[in-house]
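Notes for the one structure printed next.
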Amino acid sequence: MMNRPTKTGIAGTLESNDCQVIVEPTKDEGLIIQIESVVKARFGKQIETAVRDTCEQLNLIGAIVSVNDKGALDFTIKARVETAVKRSL
Amino acid sequence: MSIRSALFVPGNSAAMVLSSPILDADTIILDCEDAIAMSSKDSASLLIKHTLMQLPRRQKEFWVRINPLGSDFFMDDLNNILPSLPDALLIPKADGDDWGEIIASIEKVENKFKLKPISLIALIESAKGVLTCEKLAHHPRTKGFLLGGEDFASDMGIARREDNRELLFARYQVVTWAKAFKLLCLDTPYTDIDNLEGFKLDCEFSASIGFDGKACIHPLQAEVANEVYSVSETQITWAKEVLEETKRQSLGVFSFKGKMIDRPVILRAEQTIEKAKKWGLLR
Amino acid sequence: MKYEPKLPYQYIESYEPRIYQEKKTSRVNHIVKKVESLDELFDRIGLQDGMTISFHHHLRNGDAVMNLILDEIIKRKLKDITVAASSVFPIHTSLAKAIELGVVTQVVSAYMSGAVADVVSEGKCLYPCVMQTHGGRALSIESGKLKIDVAFIAAPALDESGNISGRQGKAACGSLGYAIADAHYASTVVAITDTIEPLFHIDIARECVDVMLQVDSIGDPRGIVSGTTRITKDPVGLAIAKRTIELMDAVGYIKDGLSFQTGAGGISLAVAAQLHLKLRQNNIKGSFASGGITGYLVDMFEEGLFEKLYDVQCFDLSAVASIVKNANHQAISASQYGNPFNPKNMVDQLDVVILGASEIDLNFNVNVTTGFDHRILGGSGGHADTAYGSKFAIIVSKLVSSRISVVVDRVTTITTPGETVDALVTDYGIALHPRHRELIEQLKKTTRLPVVSMKELLDTANELCGVPQTMLPKDKIVALMEYRDLSVIDVIRQSEIPL
């Protein structure tokens, strides 16, 4: 079963070692991931992978997922994405 | 389980959760319950889930305090957290009457995910909890007790005192039942984090009546607790000598340095060495 | 390019003492000319295109003198000026502007942050800058390699005859250690003050000074505390500090006569606080603490835990208050502090120094000068000097913060060579330089200290964070890393990443 957001879901904080994730519904079925990070030059790819994997595991479609990362590790990113997705459903 | 200190860490703080494996406590209790606002319960539960799956635990035990039976979050917590394999669950507001129902819910989730039975620690923090210790202790899935003085005092309708005299009965009751059933028993947190002297005195008393360790709410407390509930250098040396002498002796009972050594003494020496090993006190 | 170190770096076990004669002390009947305005000052000193001017940084981020002078230089359309400033702070925006305009074409400094670091990192300065150490700067001036045409000395107070004091006036900053070499060796020395009054202590004698000028304000003394941090309250930082003291104790340095220096980072200060408790508990008296002096060291000194403070710069206002009233709290010059050829330099007498790092690599090389992206964000200051001189140099840091590991495969820029670093203390264990093989075995056998290898720390960091992408810079060299003996230890290339 695919999951499609019906409202905006926000999770996480902008404290260091954490990240804030906002999930918003879109009209089409695509998945848009936007990443801003204090360590983007060093870990941009890993962050993108962590976000995408989590969204796929949650069968998310029709969403813009915006991440504002303050140096969170992968497991924190995954947790914040999952929380924001679940809050958006 | 030999635990001198169990440190509560708020389960929704990414930074604190991240640094928890390197703090001084023997055990980290990631908290979904009292340290977390209602609006963040889902967030904490999921952060703990992902943390436990990925963060190297560095020989520390990681427990999780879930939300109580009857709250909106109890089942979500179990479903999120049990599959990520914490070392134990700390069950709040435990008493003998609800214990069966709580364990049934846990077993349902364990079966669903095909998990091995997890260790359960009962957080005894009500008048009824204190009086129904016996039932909790009897249950084969119970591995330990933790006394929660704050909630107990509110349940009793009494004020907390600096010397914790109001907890005397609860402490003796809980620790004696724990010892009778060979359960781990941890003492109540000490809330004045600036008063490490008072904390130490409190630990010394609780250690003197049999508590194995202390619940802590600040890393500096954990350091003190580790010292108080530990085995001393003298105890370790004595234990080593007793065990060496035991190897040399053929009799079950013998005299060593003017003291009678028999089976219980040898057992205690073995426990001392085991603890010292676990806590990295052997050189 | 006017100042260009060329000798390649090579580790040298000990330096032959060399004495450089101070030139100006014999000018007995010398009179300091008092000028009334900036215009008159510039007319008098005859500053020309291509000259080298210098500044000290005792007013740190509160300094107003460098901007005042550079604004005037820009206005006068001078060209090709070299600025030799002991350190450069974010407040020094006029220097950044002068670099962009081509008015200033080279900067020689021991530390730079803010707008100047940005324009240099972006390759906007015509000639490569030279990043020195505090001790190396003094050596370069005393040995005549770095020739200063005009030294502009922000002087918190002057008397009518032109003597300088750092200890009184509206912007009192205590020691003037970094200005001493400039005062003695620059061709022309200008003292700029906002306070002329009788002095109770002279830090730089009028014999060194050629011209004096009074202005409304030389700066904001509140800026002195900028750049230093408070003691960390983070339990992880505290744990690192405690572990550092345990290490010092295990290696045998917690004993009477201990000499000690610490940087001003949060964890370094926490080490000072823990040392305070330890010395008090064990009733141990140290001989001296040196370097940049903070209130924490003053407290220990006033309690009798150190006999003396040797102060090259006051890091906060309580250090300023102490140097004024305590005879054993003594100002020293940058040369007495860290010039490797100065036979009595203080760093060579240090037992233990506690330092920070933004990167440390498998060879124990330390970078405190650039970020991983090759952008300049600081500099050695006394880092390389004290690591070399001290018997035991300890780097303290959290292993990981905000996904960035302090331990790396290879540092982006070498500030301090690994041969001079002894230990790294982190929250994930203590790594000792492999040359301490016997000590490592001894610590493992007789203590509970978590001794690990640098490689293990790197593996732990990579396990937590993932392996970071490396950033290759552009080809253009924007700065040379000059080691304390004036050899070149590394270069900084232009950053690929725009701000």
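Residues in the structure tokens are numbered from 1 in each chain, the chains being A, B, ... in the order shown, and ligands are numbered from 1 in the order shown.
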
Residues near stretch 188-205 of chain B, cut-off 12 Å, only C-alpha atoms, skip fewer than 2 positions along chain, as an NGL selection string: :B and (4-8 or 123-125 or 145-153 or 160-165 or 167-168 or 170-172 or 174-175 or 185-186 or 207-230)

Surrounding residues of C:Ala423 excluding itself and chain neighbours under 3 positions, 8 Å, only C-alpha atoms, as a ChimeraX atom specification: /C:392-395,430-433

Which residues come within 6 Å of stretch 29-39 of chain A, counting only C-alpha atoms, excluding same-chain residues fewer than 5 positions away, as an mmCIF file with C-alpha atoms, in the first residue's frame?
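The resulting part-v4.cif:
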```
data_model
loop_
_atom_site.group_PDB
_atom_site.id
_atom_site.type_symbol
_atom_site.label_atom_id
_atom_site.label_comp_id
_atom_site.auth_asym_id
_atom_site.auth_seq_id
_atom_site.Cartn_x
_atom_site.Cartn_y
_atom_site.Cartn_z
ATOM 1 C CA ILE A 61 4.536 8.997 -2.839
ATOM 2 C CA GLY A 62 3.252 12.442 -3.758
ATOM 3 C CA ALA A 63 5.464 14.346 -1.356
ATOM 4 C CA ILE A 64 8.115 17.017 -1.036
ATOM 5 C CA VAL A 65 10.541 16.044 1.711
ATOM 6 C CA SER A 66 12.701 18.976 2.859
ATOM 7 C CA VAL A 67 15.566 18.286 5.226
ATOM 8 C CA ASN A 68 17.436 21.004 7.099
ATOM 9 C CA ASP A 69 20.346 19.131 8.601
ATOM 10 C CA LYS A 70 22.601 20.322 11.417
#
```

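Here atom CA of C:Val190 stands at a distance of 23.9 Å from atom CA of C:Thr133.
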
Among listed residues C:Cys465, C:Val353, C:Val478, C:Ala205, nearest A:Gly44 (using only C-alpha atoms): C:Cys465

Closest contacts (chain B/chain A, max 10 Å, only C-alpha atoms) as a Markdown table:
```
| residue | atom | partner | partner_atom | distance |
| --- | --- | --- | --- | --- |
| B:Asn12 | CA | A:Gly12 | CA | 8.6 |
| B:Ser13 | CA | A:Asp18 | CA | 8.1 |
| B:Ala14 | CA | A:Asp18 | CA | 5.5 |
| B:Ala15 | CA | A:Asn17 | CA | 5.4 |
| B:Met16 | CA | A:Asn17 | CA | 9.2 |
| B:Val17 | CA | A:Thr76 | CA | 9.6 |
| B:Leu18 | CA | A:Asn17 | CA | 8.2 |
| B:Ser40 | CA | A:Ala11 | CA | 8.8 |
| B:Asp42 | CA | A:Thr83 | CA | 6.8 |
| B:Ser43 | CA | A:Thr83 | CA | 5.6 |
| B:Ala44 | CA | A:Ala79 | CA | 8.7 |
| B:Ser45 | CA | A:Ala79 | CA | 8.9 |
| B:Leu46 | CA | A:Ala79 | CA | 5.4 |
| B:Leu47 | CA | A:Ala79 | CA | 4.9 |
| B:Ile48 | CA | A:Ala79 | CA | 8.2 |
| B:Lys49 | CA | A:Ala79 | CA | 7.7 |
| B:His50 | CA | A:Phe75 | CA | 5.2 |
| B:Thr51 | CA | A:Phe75 | CA | 5.7 |
| B:Leu52 | CA | A:Phe75 | CA | 8.8 |
| B:Met53 | CA | A:Phe75 | CA | 8.0 |
| B:Gln54 | CA | A:Phe75 | CA | 6.3 |
| B:Leu55 | CA | A:Phe75 | CA | 7.7 |
```

For stretch 152-157 of chain C: contacts at 10 Å, only C-alpha atoms, fewer than 2 positions along chain excluded, given as a PyMOL selection string: chain C and resi 53-59+63-66+69+85+149-150+159-160+162-174+176+179-180+182-183+186+188-199+202-204+209+211-214+217-219+221

Within 9 Å of chain A: each chain C residue with its shortest pair, only C-alpha atoms, as a Markdown table:
```
| residue | atom | partner | partner_atom | distance |
| --- | --- | --- | --- | --- |
| C:Phe372 | CA | A:Arg42 | CA | 8.8 |
| C:Asp373 | CA | A:Ala41 | CA | 8.5 |
| C:Ser401 | CA | A:Asn17 | CA | 7.0 |
| C:Ser402 | CA | A:Gly71 | CA | 3.9 |
| C:Arg403 | CA | A:Gly71 | CA | 4.9 |
| C:Ile404 | CA | A:Gly71 | CA | 7.5 |
| C:Leu464 | CA | A:Leu73 | CA | 7.1 |
| C:Cys465 | CA | A:Leu73 | CA | 6.0 |
| C:Gly466 | CA | A:Gln46 | CA | 7.7 |
| C:Val467 | CA | A:Phe43 | CA | 8.0 |
| C:Pro468 | CA | A:Arg42 | CA | 4.9 |
| C:Gln469 | CA | A:Arg42 | CA | 4.7 |
| C:Thr470 | CA | A:Arg42 | CA | 6.9 |
| C:Met471 | CA | A:Arg42 | CA | 7.9 |
| C:Ile497 | CA | A:Ala41 | CA | 8.6 |
```

Listing only residues of chain C within 9 Å of chain B, what is the closest atom pair and its distance in Å (to one decimal) for each, using only C-alpha atoms, sorted by chain and residue number ascending, as a Markdown table?
```
| residue | atom | partner | partner_atom | distance |
| --- | --- | --- | --- | --- |
| C:Pro235 | CA | B:Pro219 | CA | 6.5 |
| C:Val236 | CA | B:Leu23 | CA | 6.9 |
| C:Ala239 | CA | B:Leu23 | CA | 7.8 |
| C:Ser401 | CA | B:Ala15 | CA | 9.0 |
| C:Ser402 | CA | B:Ala15 | CA | 8.7 |
| C:Asp427 | CA | B:Ile22 | CA | 6.3 |
| C:Tyr428 | CA | B:Ile22 | CA | 6.7 |
| C:Lys444 | CA | B:Arg283 | CA | 8.4 |
| C:Lys445 | CA | B:Arg283 | CA | 6.4 |
| C:Thr446 | CA | B:Arg283 | CA | 6.4 |
| C:Thr447 | CA | B:Arg283 | CA | 7.0 |
| C:Arg448 | CA | B:Gly280 | CA | 7.2 |
| C:Glu463 | CA | B:Pro56 | CA | 8.5 |
| C:Leu464 | CA | B:Leu55 | CA | 7.2 |
```

Alpha helix (DSSP H) positions in stretch 76-219 of chain B, given as a PyMOL selection string: chain B and resi 76-81+96-112+127-131+133-138+149-156+168-180+196-208+219

Polymer residues at most 10 Å from stretch 363-371 of chain C, only C-alpha atoms, same-chain spacing of 6 or more positions, as number ranges by chain: C: 110-113, 117, 121, 131, 355-357, 377-381, 383-384, 395, 406-424, 431-434, 454-455, 481, 492, 495

Residues from the last selection, C-alpha atoms, saved as a compact mmCIF listing (two decimals), in the first residue's frame:
```txt
# COMPACT_ATOMS: atom_id res chain seq x y z
CA ALA C 110 49.65 33.88 13.15
CA TYR C 111 45.86 33.68 13.07
CA MET C 112 43.05 35.02 10.90
CA SER C 113 39.29 34.76 11.01
CA ALA C 117 40.27 34.93 6.12
CA SER C 121 40.85 31.86 1.07
CA MET C 131 50.63 31.95 8.37
CA LEU C 355 45.47 22.22 22.98
CA GLY C 356 42.48 21.92 20.69
CA ALA C 357 42.28 20.71 17.10
CA LEU C 377 39.40 29.72 9.94
CA GLY C 378 42.15 30.37 12.45
CA GLY C 379 45.82 29.65 12.74
CA SER C 380 48.54 28.37 14.99
CA GLY C 381 48.88 31.21 17.43
CA HIS C 383 49.80 25.94 19.05
CA ALA C 384 52.89 24.75 17.17
CA ILE C 395 45.13 17.54 22.22
CA VAL C 406 38.25 15.41 14.51
CA VAL C 407 40.31 12.37 13.55
CA VAL C 408 40.99 12.19 9.84
CA ASP C 409 43.14 10.19 7.48
CA ARG C 410 45.28 13.22 6.58
CA VAL C 411 44.84 16.75 7.84
CA THR C 412 43.81 19.33 5.25
CA THR C 413 46.59 21.63 6.44
CA ILE C 414 49.48 20.93 8.81
CA THR C 415 49.62 23.54 11.56
CA THR C 416 51.50 21.45 14.12
CA PRO C 417 53.59 18.45 13.07
CA GLY C 418 52.75 15.07 14.62
CA GLU C 419 56.32 14.62 15.90
CA THR C 420 55.59 17.31 18.47
CA VAL C 421 52.21 15.97 19.65
CA ASP C 422 52.05 13.36 22.39
CA ALA C 423 48.44 12.43 23.01
CA LEU C 424 44.87 12.91 21.88
CA ALA C 431 45.53 7.79 21.54
CA LEU C 432 49.24 8.24 22.22
CA HIS C 433 51.85 8.90 19.58
CA PRO C 434 53.42 5.56 18.56
CA MET C 454 44.50 6.65 16.27
CA LYS C 455 43.35 4.19 13.62
CA MET C 481 52.28 27.64 6.47
CA ILE C 492 47.01 26.41 1.64
CA SER C 495 39.08 26.78 -1.73
```

Distance query B:Gly252 at most 9 Å, only C-alpha atoms, self and fewer than 6 positions along chain excluded, as a list in words: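 My list of contacting residues is Thr246, Ile261, Asp262 and Arg263 of chain B.
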
Pairwise distance for atom CA of C:Asp210 and atom CA of C:Lys79, rounded to one decimal in Å: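 Interatomic distance here is 23.6 Å.
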
Distance in Å - atom CA of C:Lys474 versus atom CA of C:Leu126: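 Atom-to-atom, atom CA of C:Lys474 to atom CA of C:Leu126, that is 15.7 Å.
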
Residue with smallest distance to C:Ser143 - pool C:Glu456, C:Asp39, C:Glu16, C:Glu22, counting only C-alpha atoms: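 Answer, going by the shortest atom-to-atom distance: C:Glu22.
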
Contacts of B:Ala137 within 12 Å, only C-alpha atoms, excl. fewer than 5 positions in-chain, as a PyMOL selection string: chain B and resi 94-96+99+120-122+124+129-132+142-145+173-185

With C-alpha atoms retained, write the just-selected residues as a PDB file, in the first residue's frame.
```
ATOM      1  CA  ALA B  94       4.168  -1.288  37.624  1.00  0.00           C
ATOM      2  CA  ASP B  95       2.051  -3.132  40.139  1.00  0.00           C
ATOM      3  CA  GLY B  96       1.127  -6.734  40.696  1.00  0.00           C
ATOM      4  CA  TRP B  99       1.678  -6.994  35.418  1.00  0.00           C
ATOM      5  CA  LEU B 120      11.671  -6.562  32.104  1.00  0.00           C
ATOM      6  CA  ILE B 121      12.351  -4.144  34.915  1.00  0.00           C
ATOM      7  CA  ALA B 122       9.381  -3.037  36.985  1.00  0.00           C
ATOM      8  CA  ILE B 124       7.722   0.604  41.274  1.00  0.00           C
ATOM      9  CA  GLY B 129       3.313  -1.145  43.490  1.00  0.00           C
ATOM     10  CA  VAL B 130       5.238  -1.237  46.751  1.00  0.00           C
ATOM     11  CA  LEU B 131       2.647  -3.469  48.408  1.00  0.00           C
ATOM     12  CA  THR B 132       2.397  -5.856  45.462  1.00  0.00           C
ATOM     13  CA  THR B 142      10.570  -9.973  35.937  1.00  0.00           C
ATOM     14  CA  LYS B 143      14.324  -9.343  36.010  1.00  0.00           C
ATOM     15  CA  GLY B 144      14.525  -6.405  38.344  1.00  0.00           C
ATOM     16  CA  PHE B 145      12.995  -3.512  40.247  1.00  0.00           C
ATOM     17  CA  GLN B 173      10.181  -3.646  51.035  1.00  0.00           C
ATOM     18  CA  VAL B 174      11.326  -3.387  47.412  1.00  0.00           C
ATOM     19  CA  VAL B 175      14.939  -4.389  48.014  1.00  0.00           C
ATOM     20  CA  THR B 176      14.069  -7.306  50.258  1.00  0.00           C
ATOM     21  CA  TRP B 177      11.623  -8.770  47.739  1.00  0.00           C
ATOM     22  CA  ALA B 178      14.174  -8.265  44.996  1.00  0.00           C
ATOM     23  CA  LYS B 179      16.878 -10.044  46.981  1.00  0.00           C
ATOM     24  CA  ALA B 180      14.531 -12.876  47.921  1.00  0.00           C
ATOM     25  CA  PHE B 181      14.028 -13.577  44.215  1.00  0.00           C
ATOM     26  CA  LYS B 182      17.576 -12.764  43.070  1.00  0.00           C
ATOM     27  CA  LEU B 183      16.401  -9.767  41.095  1.00  0.00           C
ATOM     28  CA  LEU B 184      18.360  -6.659  40.251  1.00  0.00           C
ATOM     29  CA  CYS B 185      17.301  -3.740  42.427  1.00  0.00           C
TER      30      CYS B 185
END
```

Which residue of A:Pro25, A:Glu56, A:Gln20, A:Val51 approaches A:Thr6 most closely, using only C-alpha atoms: A:Pro25
